[in-house]
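Report on the following structure.
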Amino acid sequence: MIPPLDPLEIPLLKAPLDAVVRVPGSKSITNRALVLAALASGTSRLEGPLFSDDSRHLLACLKALGFGVRFDEEAGFIEVEGAGGSVPSVSAELFVGNAGTAARFLPPLAALAKEGKFRFDGDPRMRGRPMAGLLGVLEAQGAALSGLEESRPGYPFTLDSRGLKGGEIHLDIGESSQFASGLLMAGPFMREPLTLRLSGGRSEIPYVDMTAAMMRRFGARVERAEEQGRAVFRVARGGYRALAPFAVEPDLSGACYFFAAAALAGGKVTVPGLGRESMQGDIRFLALLKHLGCQFYEDPEGLTLEKDPATPLDGADVDMNAFSDQALTLAALAPFCRGPVRIRNVAHIRGQESDRIAAALANLEALGARARATGDGLEILPAEAGALKGADLKTFRDHRVAMAFSLAGLKVGGVRIKDPACVSKTFENFWFKLFGLNRIAIAIDGPAGSGKSTVAKTLARELGYLYVDTGAMYRTVTLAARRAGVDPADKEGLARVAREAAIGVEPSQGGMRVFLDGREVGNEIRTPEISRLTSQFTANAPGVRQAMVERQRRLGGGGGVVMEGRDISTVVLPRAELKVYLDASVQERTRRRIRDFEQRGIAYDAGKVEQDIRSRDDEDRARPVGALKVDPQAVLIQGDGKDPRKVIAEILGHWPIQGRA
């Protein structure tokens, strides 16, 4: 994770949106799939799962329970070796942090062990979250619990497992539907078929329905019925089969913040991989946004929200019990609506990662909005003209408070989010996605070895921008000239190729893909001959340089690019909204170059490496064209002793905010 500055100022949107936002995998689906995979027979492979604090806590607990777990965050997969309904370890220390799904899913799983002793704990907030309903059922089912506080049974506690007997269970899910999901997933391995009768005043239970649907995907037999107005689930004894692969949907809860941003600012946002038939409960929030005045459409790319910037959002009176994670999102939008907003039937959100009703009231008051708590929710009035103001907003260490109220900063200057790193619970690169909605051009210059390429590539990937590898573009011109048979001495011919060659670029995970005449050039431009000819063409044909500057300016003109080099700020993109000069001492750059040689097994002479760097600096500063210079408007960042994540955090802190350069 790249740690953001604290507090983090949110940049005003400079125009209606036109963005494609890729969000991580669904937390709800990832964590359910992890438990089902652990209970299955065989090895399951999750593709595109969420990697966050919550999922890492669950992964660590599964490993502590003895399940085989292998994952690669860069490649985006998790493999779980299931144990067919048994628990490999007979004892374990299980720390769930503040992960509600892990906290409610793991005790029923551990209780399936015929004999085991498992110690559960979490962070201070988890120790206050509701658990009594689930723990009471586990005791009635045969588990022995100790270490509980009498005043509020919950974390921490010790569970002595003896298997679960099953049969008929009555469960109140008024405090959390996760109780039901945890019991259902353990159902196929109970001694008797499970009949789970739910109560608790919830008319819709989308996350329990999601659990049942995923159980069926993994091979369980689950039936849902309505009896006397209450949901009843029946689970047959049996087991689960491993799935490889199991594709995890993008996180609709995370996507909702970006749909809400477009609802607030106007324009459109597309989230690839999502559709109207998503099994995630927050799909209901999209219907609410449509009621407020937005339009949705679906195509093969994904799901798009579109909103007329000139039309204000309507008010609403809505029961959000079934999609209460978005109650905060609506609360943040509410002051900008033209009618009152009433959020009902969400009293249970007082007992989540924070008291979310109190958190919403505190931040709305800080912004200058008019709001009050009701018996089971919130009522928020339209803001009067000029009433809303910038403020430092508290997150209460709650990721959803941080993400929801950052939306206000897109419209109100001076909004700063305190403890922004709390979003790592479910959406580690949220701030980069949010900042990336403003499609600016970022120019990064610096001497050789300063780390600008690594920083630029990483920054572009996090923001969802195009990284422009200027060197690759020059090499592609050389390749085009060679294919066309242009004589290296023909200056005008080379310049014509630079102007007219069909060169295309696309972002890629590793940086930038380059195409010539519709075909990717790949390593064809990385040969020694192409490198030699490129230097010769650039030095001997000024027209090539002029044509390439024009191409690169066109790429940067619409924003959404990160471009690095020696003179990007001073010559290529003089109007870039954010200019950075990344420097490092000769000694630091020498150490980096030597470390690179050692990793690649290349012999070196330390003195010669340092001398080469000094010579390159002199050469770059003395170039008649494209010389290395510091733009007066550039942010100067000294990279000595800093890894790229720290540098990127500093760059984010200098993002152009209205009212400052």
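Chains: A, B, ... in order of the structure tokens. Residues: from 1 per chain. Ligands: from 1, in order shown.
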
So that I can check the surroundings of Phe51 of chain A, please list as a ChimeraX atom specification every protein, DNA and RNA residue that reaches within 8 Å of it, counting only C-alpha atoms and ignoring chain neighbours fewer than 2 positions away. /A:24-25,49,53-56,73,426

Return as a Markdown table the residues of segment 208-323 of chain A lying at most 12 Å from segment 37-41 of chain A, together with the closest atom-to-atom pair for each and the distance in Å to one decimal, counting only C-alpha atoms, with rows in chain order and ascending residue number.
```
| residue | atom | partner | partner_atom | distance |
| --- | --- | --- | --- | --- |
| A:Met214 | CA | A:Ala37 | CA | 10.7 |
| A:Met215 | CA | A:Ala37 | CA | 10.1 |
| A:Arg217 | CA | A:Ala37 | CA | 11.0 |
| A:Phe218 | CA | A:Ala40 | CA | 7.7 |
| A:Gly219 | CA | A:Ala40 | CA | 9.0 |
| A:Ala220 | CA | A:Ala40 | CA | 9.9 |
| A:Gly238 | CA | A:Ala40 | CA | 10.3 |
| A:Gly239 | CA | A:Ala40 | CA | 6.6 |
| A:Tyr240 | CA | A:Ala40 | CA | 4.4 |
| A:Arg241 | CA | A:Ala40 | CA | 5.1 |
| A:Ala242 | CA | A:Ala40 | CA | 5.4 |
| A:Leu243 | CA | A:Ala37 | CA | 7.6 |
| A:Ala244 | CA | A:Ala37 | CA | 9.9 |
| A:Pro245 | CA | A:Ala37 | CA | 11.1 |
| A:Phe246 | CA | A:Ala37 | CA | 9.7 |
```

Include C-alpha atoms and write out the residues we just selected as a PDB file, in the first residue's frame.
```pdb
ATOM      1  CA  MET A 214     -22.176 -18.996  -3.794  1.00  0.00           C
ATOM      2  CA  MET A 215     -22.731 -22.193  -1.792  1.00  0.00           C
ATOM      3  CA  ARG A 217     -21.750 -22.543  -7.080  1.00  0.00           C
ATOM      4  CA  PHE A 218     -19.451 -24.645  -4.898  1.00  0.00           C
ATOM      5  CA  GLY A 219     -21.847 -27.620  -5.103  1.00  0.00           C
ATOM      6  CA  ALA A 220     -23.988 -27.406  -1.948  1.00  0.00           C
ATOM      7  CA  GLY A 238     -22.834 -33.103   1.903  1.00  0.00           C
ATOM      8  CA  GLY A 239     -19.928 -30.888   0.987  1.00  0.00           C
ATOM      9  CA  TYR A 240     -18.373 -28.501  -1.515  1.00  0.00           C
ATOM     10  CA  ARG A 241     -16.338 -29.072  -4.642  1.00  0.00           C
ATOM     11  CA  ALA A 242     -13.278 -26.997  -5.407  1.00  0.00           C
ATOM     12  CA  LEU A 243     -13.561 -24.431  -8.190  1.00  0.00           C
ATOM     13  CA  ALA A 244     -10.593 -23.481 -10.343  1.00  0.00           C
ATOM     14  CA  PRO A 245     -10.946 -20.830 -11.458  1.00  0.00           C
ATOM     15  CA  PHE A 246     -13.556 -18.895  -9.503  1.00  0.00           C
TER      16      PHE A 246
END
```

Contacts of Glu577 of chain A at 7 Å or less, counting only C-alpha atoms, minus same-chain residues fewer than 5 places along, as a ChimeraX atom specification? /A:440-442,656

Quick one: residues within 10 Å of segment 461-468 of chain A, only C-alpha atoms, excluding same-chain residues fewer than 2 positions away - as JSON, numbers by chain? {"A": [2, 19, 20, 21, 22, 429, 430, 431, 432, 433, 434, 435, 436, 437, 438, 439, 440, 441, 442, 443, 453, 455, 456, 457, 458, 459, 470, 471, 472, 473, 505, 506, 507, 508, 509, 510, 511, 512, 513, 514, 552, 555, 556, 559, 560, 561, 562, 563, 564, 565, 648]}

Need the shell around Tyr604 of chain A: protein/DNA/RNA residues with any atom at most 10 Å away, counting only C-alpha atoms. Skip same-chain ones fewer than 4 positions apart. Format as a list in words? Arg593, Ile594, Phe597, Glu598, Lys608 and Val609 of chain A

Please dump the current selection as a PDB file, in the first residue's frame; keep N, CA and C atoms.
```
ATOM      1  N   ARG A 593      22.203   1.661  -9.080  1.00  0.00           N
ATOM      2  CA  ARG A 593      22.695   1.010 -10.289  1.00  0.00           C
ATOM      3  C   ARG A 593      23.457  -0.271  -9.934  1.00  0.00           C
ATOM      4  N   ILE A 594      24.271  -0.226  -8.876  1.00  0.00           N
ATOM      5  CA  ILE A 594      25.022  -1.412  -8.450  1.00  0.00           C
ATOM      6  C   ILE A 594      24.066  -2.503  -7.987  1.00  0.00           C
ATOM      7  N   PHE A 597      22.676  -4.163 -10.996  1.00  0.00           N
ATOM      8  CA  PHE A 597      23.661  -5.069 -11.595  1.00  0.00           C
ATOM      9  C   PHE A 597      23.753  -6.374 -10.805  1.00  0.00           C
ATOM     10  N   GLU A 598      23.783  -6.265  -9.474  1.00  0.00           N
ATOM     11  CA  GLU A 598      23.902  -7.456  -8.634  1.00  0.00           C
ATOM     12  C   GLU A 598      22.690  -8.372  -8.796  1.00  0.00           C
ATOM     13  N   LYS A 608      33.766   2.966 -11.656  1.00  0.00           N
ATOM     14  CA  LYS A 608      33.364   3.272 -13.028  1.00  0.00           C
ATOM     15  C   LYS A 608      31.859   3.558 -13.105  1.00  0.00           C
ATOM     16  N   VAL A 609      31.062   2.854 -12.305  1.00  0.00           N
ATOM     17  CA  VAL A 609      29.620   3.111 -12.296  1.00  0.00           C
ATOM     18  C   VAL A 609      29.355   4.556 -11.880  1.00  0.00           C
TER      19      VAL A 609
END
```

I need the residues in segment 60-94 of chain A that are alpha helix (DSSP H) according to DSSP; give them as a ChimeraX atom specification. /A:60-64

Need the shell around Val625 of chain A: protein/DNA/RNA residues with any atom at most 12 Å away, counting only C-alpha atoms. Skip same-chain ones fewer than 2 positions apart. Format as a ChimeraX atom specification? /A:538-546,549,566-567,570-572,619-623,627-629

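When only C-alpha atoms are used to measure the gap to Gln633 of chain A, the shortest distance among A:Leu305, A:Ile530, A:Val580, A:Leu264 belongs to A:Val580.
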
Contacts of segment 283-287 of chain A at 9 Å or less, counting only C-alpha atoms, minus same-chain residues fewer than 6 places along, as a list in words? Leu252, Ser253, Cys256, Phe259, Arg276, Glu277, Cys294, Phe296, Leu305, Met320, Ala322, Phe323, Gln326 and Leu330 of chain A

Could you write out the selected residues, including N, CA and C atoms, as a CSV table (one decimal), in the first residue's frame?
```csv
chain,number,residue,atom,x,y,z
A,252,LEU,N,-18.8,-4.0,-6.1
A,252,LEU,CA,-19.8,-3.0,-6.3
A,252,LEU,C,-19.9,-1.9,-5.2
A,253,SER,N,-19.6,-2.3,-4.0
A,253,SER,CA,-19.6,-1.3,-2.9
A,253,SER,C,-18.6,-0.2,-3.2
A,256,CYS,N,-19.6,2.1,-6.1
A,256,CYS,CA,-20.7,3.0,-5.8
A,256,CYS,C,-20.1,4.4,-5.5
A,259,PHE,N,-19.7,6.0,-9.0
A,259,PHE,CA,-21.0,6.3,-9.6
A,259,PHE,C,-21.5,7.5,-8.9
A,276,ARG,N,-25.8,-5.4,-14.5
A,276,ARG,CA,-27.0,-5.2,-13.7
A,276,ARG,C,-27.4,-6.5,-12.9
A,277,GLU,N,-26.9,-7.6,-13.4
A,277,GLU,CA,-27.2,-8.9,-12.7
A,277,GLU,C,-26.3,-9.3,-11.6
A,294,CYS,N,-30.2,10.0,-12.3
A,294,CYS,CA,-29.1,9.4,-13.1
A,294,CYS,C,-29.6,8.4,-14.1
A,296,PHE,N,-28.4,4.7,-16.2
A,296,PHE,CA,-27.4,3.6,-16.3
A,296,PHE,C,-27.6,2.9,-17.6
A,305,LEU,N,-22.7,4.9,-15.5
A,305,LEU,CA,-23.7,5.9,-15.0
A,305,LEU,C,-23.4,7.2,-15.8
A,320,MET,N,-33.0,1.8,3.6
A,320,MET,CA,-31.7,1.4,3.1
A,320,MET,C,-31.2,0.1,3.9
A,322,ALA,N,-31.4,-3.0,3.3
A,322,ALA,CA,-30.8,-4.0,2.5
A,322,ALA,C,-29.5,-3.6,1.8
A,323,PHE,N,-29.2,-2.4,1.8
A,323,PHE,CA,-27.9,-1.9,1.3
A,323,PHE,C,-27.3,-0.8,2.1
A,326,GLN,N,-24.2,1.7,1.9
A,326,GLN,CA,-24.2,3.0,1.1
A,326,GLN,C,-25.0,4.1,1.8
A,330,LEU,N,-25.1,8.1,0.5
A,330,LEU,CA,-26.2,8.9,0.3
A,330,LEU,C,-26.2,10.1,1.2
```

Distance in Å - atom CA of Arg216 of chain A versus atom CA of Gly163 of chain A: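 Separating atom CA of Arg216 of chain A from atom CA of Gly163 of chain A is a distance of 22.5 Å.
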